[in-house]
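K.L.:
Sharing a structure here in structure tokens format.
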Amino acid sequence: MRRSLRVAAIFLAVALIPVVDQNGAHINFLTDAGAFVLLALGLNIVVGFAGLLDLGYAAFFAIGSYTFAMLASPQFGIHVPFWVMLFVASGVAAIFGILLGAPTLRLRGDYLAIVTLGFGEIVPQTFLNLSQWTNGPNGIGTLDQPVFFGLRFGFNPVPYFYLILALIALAIWLADNLRASRLGRAWMAIREDELAAAHMGINTTAAKLAAFALGASFSGLAGVAYASKLQLVSPDQFQFNVSVFVLSMLVLGGMGNIGGVVLGSIVLSSVDRFILPQLTNFVHGFGLNWDFTNARFLLYGVILVSMMLLRPEGLLPSRQRAAELHADRADPAVAAQEQELYERAI
Amino acid sequence: MRRTLSLNITAALAAAAFAASTAFGFAPRPAAAATVIKIGIDLPVSGADASIGIPTQNGALLAIEEANAKHVLGAGTTLQAYALDDAVQGKHDPAQGAQNVKTFIADPSVLAMIGPFNSNVAVAEIPLTNDAGLVQIAASTTNDALTRPPNAAKLRSTHPETNAFFRVCTVDSRQGAAGAQFARKLGFKRAFIVDDNETYGKGLADVFDAQFKALGGAVVDHEHITSNQQDFKALLTKARSMTPDVVFYGGTTSTGGGVVRKQMADVGLKGVAYMGGDGIGDDEFLKVAGTMANGTYYSIAAPEATRLPTAGAFVAAYKKRFNAEVGPYSANAYAAAEIEIAAIAKAMKADGGKVPTRAQVLKNVAATNDFETPIGKIGFDKYGDTTSPILSLYEVKGEKKVFVNQISLKTS
Amino acid sequence: MDLFLQQLVNGLSLGGIYALIALGYTMVYGIIELVNFAHGDVYTLGSFFSLAVLGFIGIQGELHGAPLVGVVALTLVCAMLFCGLAGVAIERFAYRPLRNAPRLALLITAIGVSFILENLMQFWRGPSPVPFPSFFPDASIMLGGVLIEAKQVIVVFLAIVMMAALQIFVYNTKLGKAMRATAQDREAAQLMGINVNTTIALTFLIGSALAGAAGFVSGVYYGTTWFFNGFSAGLKAFTAAVLGGIGNLAGAMLGGFLIGLIEAFTTQFISDQWSNVVVFSVLVLVLVFRPSGLLGESLPNKV
């Protein structure tokens with residue numbers, strides 16, 4: 001109960017930001033960061049909950065975005081209403097989650113990662129190549145903007161801010177309930193020891209496919225909101241660096257822990273789009289010609305390596321994960337966590 | 001206990017991050033009495049695009065510095081360049097460009113902007129500047145759809161009757177056409193076209209394709225390469241089997257323009273000519289292609305700065321200020337900045353020295369006609385395109401760029 | 001027909017480079033069951049090191065005869081040595097601490113190392129392609145209607161020689177036996193007195209050295225190098241290793257050549273823009289339908 005109050009308070013505080021800070025650029029940044037929070041939450045289901053290392057998550061983001069672009073723009077003249085598209089795109093993404101997840105079912109961790117990486121390369125390249133439908137490198141533009149009870153969203157980021165905030169709230173609610181459900185426990189079991197889980201009667205196939213589908217559906221939502229705001233969908237928005245970016249958020253913030261994932265996402269977005277460029281400007285003011293923005297990947301690499309070496313459970317860990325990752329140390333707190341989850345599920 | 005500690009640490013980290021970023025976000029405050037008017041500059045100045053983005057930015061910076069030195073806006077007002085980078089992870093990024101434009105729009109002292117460099121970034125930015133009524137002049141975005149109907153209207157949905165986007169460079173349909181004309185004039189009959197499957201490269205290649213055919217040439221094949229491709233031998237072998245006398249590359253050096261040329265030697269295409277647009281008109285190309293750079297022809301959507309009498313002073317000033325050679329679009333950016341500065345000055349004068357509104361500046365820019373710049377006299381037509389677009393054609397001989405011809409495509 | 005043969009030659013040369021890289025992948029995977037994500041970047045590192053050595057020597061123009069052999073030998077050895085050491089360092093500092101950690105942690109660390117290497121190389125030589133000095137003669141012969149470059153011959157020759165040498169080493173020497181033992185059962189090997197840490201380090205040394213050789217050869221073959229080459233090449237080389245049968249040396253070479261051929265023929269008969277999609281689809285298909293690869297034995301799932 002206390003936790004829900006804390007979360008509600010945070011949401012309320014965030015919702016007041018556009019009232020307090022009238023700077024359009026700040027709101028725009030937060031909205032973009034919010035889309036990535038959605039992506040991180042989705043990937044968290046696949047990697048954090050089910051333990052399936054997906055290195056090609058951007059593929060689902062692409063599928064969600066392009067679905068929206070093809071069904072809600074002048075491209076084919078189809079204009080499915082925005083609010084319906086949220087369902088349609090997340091549904092299509094979920095279906096592709098199952099399609100792309102199916103080949104990986106029998107694969108072990110590293111092979112699974114490589115196959116998802118392969119899909120991560122295949123999907124945007126395919127969108128690029130099928131230029132009769134996707135306009136190739138130019139992408140699809142002038143996408144439909146949402147209309148909320150007569151209010152057209154337009155180019156003001158504020159309505160999008162609230163839209164994404166609402167989607168994040170929905171995603172967190174869903175993710176939290178999934179984690180504490182039977183499916184969530186099945187994922188936990190699979191993550192710890194798939195063979196044992198199967199022998200305990202868990203349908204590992206169904207559980208893994210569900211993880212891919214649900215994880216992908218979040219990216220469908222993010223794709224619709226982000227594409228509608230940017231008014232452009234093009235293949236170079238969905239390259240490998242996006243998949244890694246989102247994965248880094250999880251690693252930094254804490255895989256499996258929803259709060260950690262949100263935190264990691266916001267921190268990395270801030271660093272990437274705000275701090276690094278500002279730092280560069282700041283340094284330029286002193287006449288130094290350094291460019292921190294080029295060091296992005298170096299930074300992510302260092303984050304990934306050092307987090308794995310020093311604190312693999314992330315900044316805000318889930319105690320469960322922490323225990324798993326430090327398996328050599330027994331942790332009585334894990335038992336307490338287990339008890340809590342069990343009680344919540346009753 | 002441990003959990004609260006890590007929670008506190010992370011909360012502190014997040015707070016510090018935000019505080020730092022807002023602190024850095026404050027621009028240095030000017031002297032108490034002076035008014036500051038800012039011109040936003042959005043160009044890719046890091047990563048692979050930096051070699052062409054930075055000289056372009058420098059051109060604009062030079063114009064602003066000179067205007068301040070001459071007190072063009074009056075004694076109490078200074079012009080400030082607000083330069084932002086739209087390259088993310090080494091490549092120009094439309095979402096970052098949109099973010100930068102939002103930053104400009106949110107800052108009331110920004111009255112005009114210059115940029116972007118790339119056409120696909122412009123697609124993300126034009127709706128925003130149209131919506132906000134912020135005048136935007138680009139030095140190098142050559143894709144037709146940005147200003148030409150029917151596609152242009154889609155980008156101006158908020159204010160379809162107003163145009164806030166202008167450019168001082170010519171368009172790809174002209175570049176491609178000029179390239180095709182040039183190719184036919186040089187006697188080429190069979191062209192093998194390769195493009196990098198990006199907005200600029202594919203756009204240019206598509207135009208060249210159509211125009212070359214229209215002028216009686218044969219296009220034996222039109223292929224698209226993959227990004228990050230290193231091995232072009234199979235592709236070039238395929239080309240060789242079709243016996244072209246010219247290979248046209250639509251794209252930039254950073255996407256492979258130089259590497260393709262270099263590998264032509266290995267598959268028996270050494271004697272075949274190579275052609276491209278301004279994307280391979282940089283020094284990087286000469287470096288990467290080495291001796292194979294000879295026999296390359298390309299166009300630049302700008303006049304050859306050293307040839308124009310008006311450009312001499314600009315080139316000298318640029319060299320002095322930045323200790324480097326001008327880039328292919330430095331003069332364009334300089335001209336764009338000059339136009340905006342003049343528009344601001346005119347609006348101030350008309351209003352008795354008050355800081356003008358964005359709408360006033362926009363109106364003045366749109367009315368630009370016969371404005372003297374280092375790249376010649378510039379005026380804008382109703383679409384925002386320059387009325388006297390100039391194209392320069394070059395050949396690489398002795399591993400150096402040699403100016404061949406200038407085409408002036410003046411429209412009424 | 002000539003065109004087909006010409007593309008065959010192109011494909012084999014490209015495949016030779018993949019084969020060299022794949023050998024390293026398969027060795028490392030065989031011994032610690034890690035897909036060394038950073039291996040592709042060690043390949044690029046090889047070409048960068050070669051560039052440095054060539055710059056240090058100060059090559060002017062083409063070379064022939066004895067100086068050519070000398071330069072090639074020196075650069076090749078240096079590239080292999082530096083890359084080997086780089087591989088050992090990576091293993092020591094990034095992978096060894098995580099040897100008993102869950103697979104996920106190792107894989108993520110490997111990705112991190114890959115990024116760090118790529119970015120360092122970007123700082124070293126810039127974000128655009130970097131030209132290689134053209135010291136290798138442009139000699140080529142025309143067999144029928146097919147143009148074969150001397151460079152192409154070298155690539156294929158080197159791949160085969162390296163694989164043969166490696167095969168001899170792994171199956172006929174004591175150290176090789178230690179490697180095979182460690183790959184089979186790490187704990188048992190330890191019990192038998194094998195120094196597992198040293199053996200693993202040796203594996204990385206050899207694997208990375210091979211990648212370094214591939215890097216040198218690719219620099220000569222393509223005339224340019226680029227900091228981001230390793231990503232794509234590494235992924236395709238891994239595909240090759242899997243196609244041939246992971247853990248199998250001959251399989252890695254076979255897989256390498258096959259992937260090279262697939263790429264060349266896709267470019268010729270379909271289109272360049274689909275070549276990556278086809279190669280990665282091969283990866284997916286192999287892993288789904290025959291994960292043990294062409295030359296691998298069908299291993300039952302260990303209970």
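Chain labels follow the order of the structure tokens: the first chain is A, the next B, and so on; residue numbering restarts at 1 in every chain, and ligands are counted from 1 in their shown order.
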Just list the residues in region 86-225 of chain C DSSP gives strand (DSSP E or B) on the backbone, as a PyMOL selection string.

P.N.:
chain C and resi 130-131+140-143+146-149+224-225

K.L.:
Would you kindly return, as a compact mmCIF listing (two decimals) with N, CA and C atoms, in the first residue's frame, each protein, DNA or RNA residue with an atom no farther than 8 Å from any atom of Tyr25 (chain C), considering only C-alpha atoms and excluding same-chain residues fewer than 5 positions away?

P.N.:
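Written out: out_34.txt:
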# COMPACT_ATOMS: atom_id res chain seq x y z
N VAL C 35 30.29 -16.58 -26.54
CA VAL C 35 30.38 -15.94 -27.84
C VAL C 35 31.13 -14.64 -27.59
N ASN C 36 32.38 -14.60 -27.98
CA ASN C 36 33.19 -13.43 -27.69
C ASN C 36 32.81 -12.30 -28.63
N HIS C 39 35.29 -10.20 -30.47
CA HIS C 39 36.26 -10.80 -31.39
C HIS C 39 36.30 -10.08 -32.73
N GLY C 207 43.38 -17.39 -30.81
CA GLY C 207 42.20 -16.93 -31.52
C GLY C 207 42.31 -15.48 -31.95
N ALA C 237 31.12 -13.76 -39.35
CA ALA C 237 32.08 -14.82 -39.06
C ALA C 237 31.50 -15.77 -38.02
N PHE C 238 30.74 -15.21 -37.08
CA PHE C 238 30.10 -16.09 -36.10
C PHE C 238 29.10 -16.99 -36.80
N ALA C 241 30.99 -19.73 -38.22
CA ALA C 241 31.41 -20.73 -37.23
C ALA C 241 30.24 -21.64 -36.89

K.L.:
Find the residues of chain A that sit at most 7 Å from chain C; for each, write down the nearest two atoms and how far apart they are in Å, to one decimal. Count only C-alpha atoms. Sort by chain, then by number going up, and give it as a Markdown table.

P.N.:
| residue | atom | partner | partner_atom | distance |
| --- | --- | --- | --- | --- |
| A:Leu53 | CA | C:Leu104 | CA | 6.9 |
| A:Pro103 | CA | C:Val288 | CA | 5.7 |
| A:Gly109 | CA | C:Arg103 | CA | 6.8 |
| A:Asp110 | CA | C:Val35 | CA | 6.5 |
| A:Val115 | CA | C:Val284 | CA | 5.9 |
| A:Gly118 | CA | C:Phe280 | CA | 5.5 |
| A:Ile122 | CA | C:Val277 | CA | 5.1 |
| A:Asn129 | CA | C:Gln273 | CA | 6.9 |
| A:Ala295 | CA | C:Asn119 | CA | 6.9 |
| A:Phe297 | CA | C:Phe115 | CA | 5.8 |
| A:Leu298 | CA | C:Ile116 | CA | 4.8 |
| A:Tyr300 | CA | C:Gly112 | CA | 6.9 |
| A:Gly301 | CA | C:Gly112 | CA | 3.8 |
| A:Val302 | CA | C:Gly112 | CA | 6.3 |
| A:Leu304 | CA | C:Gly112 | CA | 5.0 |
| A:Val305 | CA | C:Thr109 | CA | 4.6 |
| A:Met308 | CA | C:Ala105 | CA | 5.8 |
| A:Leu325 | CA | C:Pro102 | CA | 6.7 |

K.L.:
Using only C-alpha atoms, can you tell me which of B:Ala336, B:Ile37, B:Ala313, B:Val259 comes closest to chain C?

P.N.:
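Nearest candidate to chain C out of B:Ala336, B:Ile37, B:Ala313, B:Val259: B:Val259.
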
K.L.:
I want to know what sits within 9 Å of Thr170 (chain B), based on only C-alpha atoms, with residues of the same chain fewer than 5 positions away left out; could you give that as a list of chain:residue names?

P.N.:
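Using only C-alpha atoms, the neighbours found are B:Ser140, B:Thr141, B:Thr142, B:Asn143, B:Asp144, B:Gln175, B:Ala301, B:Ala302, B:Asp385, B:Thr386, B:Ser388, B:Pro389, B:Ile390, B:Leu391, B:Leu409.
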
K.L.:
Using only C-alpha atoms, pick whichever of C:Gly219, C:Gly65, C:Gly24, C:Gly58 has the shortest atom-to-atom distance to chain B.

P.N.:
C:Gly219

K.L.:
Residues of chain B within 6 Å of chain C, counting only C-alpha atoms, what are they? List them as a ChimeraX atom specification.

P.N.:
/B:47-48,224-226,234,238,254,288

K.L.:
Please identify all polymer residues within 10 Å of Ile164 (chain A), counting only C-alpha atoms, omitting same-chain residues fewer than 6 positions from it, and present them as a ChimeraX atom specification.

P.N.:
/A:30-38,158,170,221-222,225-226

K.L.:
If the cut-off is 8 Å, can you tell me the residues of chain A near chain B, counting only C-alpha atoms? I'd like them as a count of residues only.

P.N.:
35

K.L.:
Compare C:Ile141, C:Cys78, C:Leu158, C:Ala52 by their minimum atom-to-atom distance to Gly15 (chain C), counting only C-alpha atoms, and give me the closest one.

P.N.:
C:Leu158

K.L.:
Please compute the CA of Met27 (chain C)-CA of Gln229 (chain B) distance, one decimal, in Å.

P.N.:
26.3 Å

K.L.:
To one decimal place, how far is CA of Val161 (chain C) from CA of Gly145 (chain C) in Å?

P.N.:
27.6 Å

K.L.:
List as number ranges by chain the protein and nucleic acid residues near region 355-372 of chain B, meaning an atom at most 10 Å away when only C-alpha atoms are counted, but skip any in the same chain fewer than 3 places from it.

P.N.:
B: 35-37, 73, 77, 108-112, 132-137, 162-166, 310, 335-336, 338-352, 375-384, 386-388

K.L.:
Tell me which of A:Phe245, A:Gln145, A:His284, A:Gly220 sits closest to Ile266 (chain A), counting only C-alpha atoms.

P.N.:
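Ranking A:Phe245, A:Gln145, A:His284, A:Gly220 by distance to Ile266 (chain A), first place goes to A:Phe245.
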
K.L.:
Write out as a PDB file with C-alpha atoms, in the first residue's frame all residues of region 126-203 of chain A that backbone DSSP assigns to helix (DSSP H, G or I).

P.N.:
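Output below, filename states-v7.pdb:
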ATOM      1  CA  THR A 126      14.051  -5.172 -44.796  1.00  0.00           C
ATOM      2  CA  PHE A 127      12.048  -2.015 -44.099  1.00  0.00           C
ATOM      3  CA  LEU A 128      14.757  -0.072 -45.908  1.00  0.00           C
ATOM      4  CA  ASN A 129      14.773  -2.370 -48.916  1.00  0.00           C
ATOM      5  CA  SER A 131      10.959   0.988 -50.636  1.00  0.00           C
ATOM      6  CA  GLN A 132       7.743   0.715 -52.627  1.00  0.00           C
ATOM      7  CA  TRP A 133       5.883   0.412 -49.321  1.00  0.00           C
ATOM      8  CA  THR A 134       8.164   2.148 -46.879  1.00  0.00           C
ATOM      9  CA  GLY A 136      13.135   3.354 -48.203  1.00  0.00           C
ATOM     10  CA  PRO A 137      15.587   5.728 -46.530  1.00  0.00           C
ATOM     11  CA  ASN A 138      13.232   8.706 -46.639  1.00  0.00           C
ATOM     12  CA  PRO A 157       5.099  18.416 -26.837  1.00  0.00           C
ATOM     13  CA  VAL A 158       2.911  18.844 -23.735  1.00  0.00           C
ATOM     14  CA  PRO A 159      -0.017  16.631 -24.788  1.00  0.00           C
ATOM     15  CA  TYR A 160       2.464  13.970 -25.897  1.00  0.00           C
ATOM     16  CA  PHE A 161       4.126  14.269 -22.525  1.00  0.00           C
ATOM     17  CA  TYR A 162       0.915  13.332 -20.779  1.00  0.00           C
ATOM     18  CA  LEU A 163       0.153  10.623 -23.290  1.00  0.00           C
ATOM     19  CA  ILE A 164       3.479   8.948 -22.685  1.00  0.00           C
ATOM     20  CA  LEU A 165       3.171   9.437 -18.948  1.00  0.00           C
ATOM     21  CA  ALA A 166      -0.175   7.641 -19.067  1.00  0.00           C
ATOM     22  CA  LEU A 167       1.330   4.852 -21.168  1.00  0.00           C
ATOM     23  CA  ILE A 168       4.198   4.489 -18.703  1.00  0.00           C
ATOM     24  CA  ALA A 169       1.745   4.268 -15.826  1.00  0.00           C
ATOM     25  CA  LEU A 170      -0.137   1.560 -17.689  1.00  0.00           C
ATOM     26  CA  ALA A 171       3.083  -0.263 -18.486  1.00  0.00           C
ATOM     27  CA  ILE A 172       4.309  -0.177 -14.915  1.00  0.00           C
ATOM     28  CA  TRP A 173       0.975  -1.421 -13.646  1.00  0.00           C
ATOM     29  CA  LEU A 174       0.999  -4.253 -16.185  1.00  0.00           C
ATOM     30  CA  ALA A 175       4.606  -5.188 -15.553  1.00  0.00           C
ATOM     31  CA  ASP A 176       4.167  -5.202 -11.819  1.00  0.00           C
ATOM     32  CA  ASN A 177       1.148  -7.438 -11.996  1.00  0.00           C
ATOM     33  CA  LEU A 178       2.832  -9.740 -14.469  1.00  0.00           C
ATOM     34  CA  ARG A 179       5.803 -10.148 -12.204  1.00  0.00           C
ATOM     35  CA  ALA A 180       3.694 -11.182  -9.267  1.00  0.00           C
ATOM     36  CA  ARG A 182       1.862 -17.165 -12.018  1.00  0.00           C
ATOM     37  CA  LEU A 183       3.397 -16.264 -15.353  1.00  0.00           C
ATOM     38  CA  GLY A 184       5.901 -14.051 -13.589  1.00  0.00           C
ATOM     39  CA  ARG A 185       6.893 -16.833 -11.295  1.00  0.00           C
ATOM     40  CA  ALA A 186       7.178 -19.161 -14.241  1.00  0.00           C
ATOM     41  CA  TRP A 187       9.570 -16.666 -15.807  1.00  0.00           C
ATOM     42  CA  MET A 188      11.578 -16.526 -12.642  1.00  0.00           C
ATOM     43  CA  ALA A 189      11.818 -20.289 -12.584  1.00  0.00           C
ATOM     44  CA  ILE A 190      12.880 -20.461 -16.215  1.00  0.00           C
ATOM     45  CA  ARG A 191      15.442 -17.781 -15.610  1.00  0.00           C
ATOM     46  CA  GLU A 192      17.016 -19.694 -12.767  1.00  0.00           C
ATOM     47  CA  GLU A 194      15.006 -23.902 -17.335  1.00  0.00           C
ATOM     48  CA  LEU A 195      15.354 -27.654 -17.193  1.00  0.00           C
ATOM     49  CA  ALA A 196      14.167 -27.845 -13.607  1.00  0.00           C
ATOM     50  CA  ALA A 197      11.295 -25.523 -14.407  1.00  0.00           C
ATOM     51  CA  ALA A 198      10.164 -27.743 -17.259  1.00  0.00           C
ATOM     52  CA  HIS A 199      10.329 -30.741 -14.993  1.00  0.00           C
TER      53      HIS A 199
END

K.L.:
Write out as a PyMOL selection string each polymer residue whose atoms come within 7 Å of Phe218 (chain A), counting only C-alpha atoms; drop sequence neighbours fewer than 5 positions from it.

P.N.:
chain A and resi 38-39+42+90

K.L.:
State, in Å with one decimal place, the distance from CA of Glu187 (chain C) to CA of Arg290 (chain C).

P.N.:
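Distance reported for this atom pair: 28.6 Å.
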